[in-house]
Every structure is written in structure tokens, then in C-alpha cells.
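Engineer: Before anything else, here's the structure in question.
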Amino acid sequence: TLVIPIAALSSARHTPLTYSKIQNLIDVSRPYYNLENERSVKMISSSADISNAQGKGPSLSFLCTVQPEMPLARETGSVSYAEAGRHLAIAGSVAAGLNNPNIGKHYYLALKNKLTRVERPPDSIMDACVFSPEDIGCFPHEISIVAICTKLDKKEAECEMIMNVPGQNELWHLTTTYSVIPEKVFKRLMRPPCPLAVALPTVS
């Protein structure tokens with residue numbers, strides 16, 4: 001069941017995001033990061049509020065478009081399973097970063113994922129609400145993604161993402177739980193061990 005609140009998106013306000021701005025939030029760079037037309041959208045419905053260390057407050061959703069890169073092989077549709085999961089998971093990490101009250105870059109490591117391909121609902125989130133001309137612009141001919149952070153604390157984030165493929169009756173839905181690690185902590189954990197000191201023999 002898709003639980004992303006449609007009403008919260010219908011009268012939202014948007015802010016375009018640059019690649020450099022996003023790189024200040026997450027550590028996924030090009031070419032693996034291949035999202036376009038990025039923007040944050042202020043959610044105004046209380047149903048979209050997320051819980052964090054500072055209590056409840058307006059949350060930000062993340063919107064973007066994407067161009068498929070990988071061949072489909074024997075899969076049907078416009079986007080492969082692996083590529084859909086990749087783009088959606090990255091979009092979710094951006095949504096979590098936009099809502100993180102702790103300033104600075106964080107690493108969002110996916111712990112749990114559930115990716116499903118469903119039929120496009122009649123009142124599609126992408127067409128009817130998110131990309132309505134009066135709200136944040138319209139991308140009727142491009143594959144579009146919306147990501148919403150539904151839970152966030154110092155250690156974990158939960159997000160829901162939807163990818164809509166126009167004209168193909170194709171909708172991907174992903175829910176992901178991330179482990180949230182600050183950049184300094186991540187680099188300390190991933191730091192390579194110091195080389196062993198070896199006593200060199202003296203030469204007389």
C-alpha cells in the first residue's frame with residue numbers, strides 16, 4: 001500500500017537543489033549519482049511530519065527526474081530492477097539528508113529495502129499532485145522520482161520513494177531503512193590501519 005500523503009504534496013513549495021548542495025548532504029557522486037532536475041519541497045500537512053531529535057515539524061520531500069542507463073536484458077518495462085533500486089535508494093538518502101537537523105555530510109547506508117513494481121494508480125502521485133503546473137513544474141515526458149523521509153533520528157532514517165514512468169503504466173515503490181553515520185565517524189571507522197613498524201637491521 002502506498003502511504004505517501006498525496007494531499008501534503010498538492011500545495012507544496014519547492015526549492016531547486018544544485019549538485020554541490022546535495023554533495024554537502026550525502027557522499028554519492030557522479031557518475032553513480034545520475035539524478036536531474038533536483039528540488040526540495042516543503043510538506044505542509046501534519047501527516048507528513050517526521051519524528052526527530054528536535055520533535056515534530058515540517059519535513060522536506062525530494063523530487064527529481066532520471067534517464068535510464070542500463071540495458072533491460074530480459075526484463076520488461078523501461079527501467080531495470082537494479083537501476084530502479086539504485087536511483088530510488090539514492091533519492092531516499094537525499095530526502096533523509098534534507099531533513100537531518102545535524103548540519104553536515106552524513107553517510108546513509110541501506111539496511112533494509114523492499115522494492116516492488118506496481119500498477120500506476122488512477123490518481124498518480126506524480127501526475128495529479130507532485131508535478132502539477134501550479135505547484136512545482138511539470139515533467140510529463142520524463143521518469144520522475146519523489147522521496148519522502150518518514151522517520152529520522154541520530155542513528156536511523158526511514159524513507160519511501162516512488163518512481164513514475166510516463167506512458168508505460170509503470171510505477172516502482174521502494175521503502176528503505178538507512179543507518180545514519182556522520183562523516184567524521186564514518187572516516188574514523190573506515191580509516192585503514194597503520195602499517196606495522198619494522199625494526200631495520202643496522203649495517204656496520
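By convention in this document, the chains of the C-alpha cells carry letters A, B, ... by their order, each chain's residues are numbered from 1, and ligands are numbered from 1 in the order they are shown.
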Tell me, as a PyMOL selection string, which residues lie within 10 Å of Arg86 (chain A), counting only C-alpha atoms; anything in the same chain fewer than 6 positions away does not count.

Structural biologist: chain A and resi 32-34+80

Engineer: List the neighbours of Ser40 (chain A) out to 10 Å using only C-alpha atoms; skip same-chain residues closer than 5 positions along the sequence, and give me the result as JSON, numbers by chain.

Structural biologist: {"A": [12, 13, 14, 15, 16, 17, 59, 60, 61, 62, 63, 64, 94, 95, 98, 136, 146, 147]}

Engineer: Residues of the last selection are to be written out with C-alpha atoms, as a short mmCIF file (atom, residue, chain, number, x, y, z; two decimals), in the first residue's frame.

Structural biologist:
```cif
data_model
loop_
_atom_site.label_atom_id
_atom_site.label_comp_id
_atom_site.auth_asym_id
_atom_site.auth_seq_id
_atom_site.Cartn_x
_atom_site.Cartn_y
_atom_site.Cartn_z
CA ALA A 12 3.79 22.29 -1.56
CA ARG A 13 6.58 24.83 -2.08
CA HIS A 14 9.77 23.89 -3.89
CA THR A 15 13.43 24.94 -3.91
CA PRO A 16 15.82 23.88 -6.69
CA LEU A 17 18.88 21.97 -5.47
CA SER A 59 9.53 17.90 6.56
CA LEU A 60 11.03 18.20 3.11
CA SER A 61 10.44 15.79 0.27
CA PHE A 62 12.92 15.34 -2.59
CA LEU A 63 11.88 15.42 -6.24
CA CYS A 64 13.93 14.70 -9.35
CA VAL A 94 18.88 12.88 -0.19
CA ALA A 95 15.43 13.16 1.42
CA LEU A 98 17.39 17.35 3.73
CA ILE A 136 6.42 22.80 -8.79
CA VAL A 146 9.59 11.55 -5.25
CA ALA A 147 11.25 10.61 -1.96
#
```

Engineer: Find the residue from A:Ala110, A:Leu189, A:Leu115, A:Leu174 that sits nearest to Ser93 (chain A); use only C-alpha atoms when measuring.

Structural biologist: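 Closest to Ser93 (chain A), using only C-alpha atoms: A:Ala110.
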
Engineer: Report, in Å to a single decimal, how far apart CA of Ser144 (chain A) and CA of Lys105 (chain A) are.

Structural biologist: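 CA of Lys105 (chain A) sits 25.0 Å away from CA of Ser144 (chain A).
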
Engineer: Give me, please, the distance in Å between CA of Met70 (chain A) and CA of Lys114 (chain A), quoted to one decimal.

Structural biologist: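 Interatomic distance here is 20.7 Å.
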
Engineer: Kindly indicate which residue among A:Ile181, A:Ala96, A:Val41, A:Met163 lies nearest to Val118 (chain A), using only C-alpha atoms for the distances.

Structural biologist: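 Between A:Ile181, A:Ala96, A:Val41, A:Met163, the residue approaching Val118 (chain A) most closely is A:Met163.
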
Engineer: Out of A:Arg188, A:His141, A:Arg117, A:Lys112, which residue has the shortest atom-to-atom distance to Thr176 (chain A) when counting only C-alpha atoms?

Structural biologist: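 Under the stated criterion, the closest residue is A:Lys112.
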
Engineer: At a cut-off of 10 Å, using only C-alpha atoms, what residues contact Gly97 (chain A)? Leave out same-chain residues fewer than 4 positions from it and give the result as a list in words.

Structural biologist: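 Listed by chain and then number, they are Ile22, Asn24, Leu25, Ile26, Leu60, Phe62, Ala91, Gly92, Ser93, Pro101, Asn102, Ile103, Gly104, Lys105, His106, Tyr107, Tyr108, Cys149, Leu152, Ala157 and Val180 of chain A.
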
Engineer: Figure out the distance between CA of Ser78 (chain A) and CA of Pro31 (chain A), please, to one decimal in Å.

Structural biologist: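 One can read the CA of Pro31 (chain A) to CA of Ser78 (chain A) distance as 20.0 Å.
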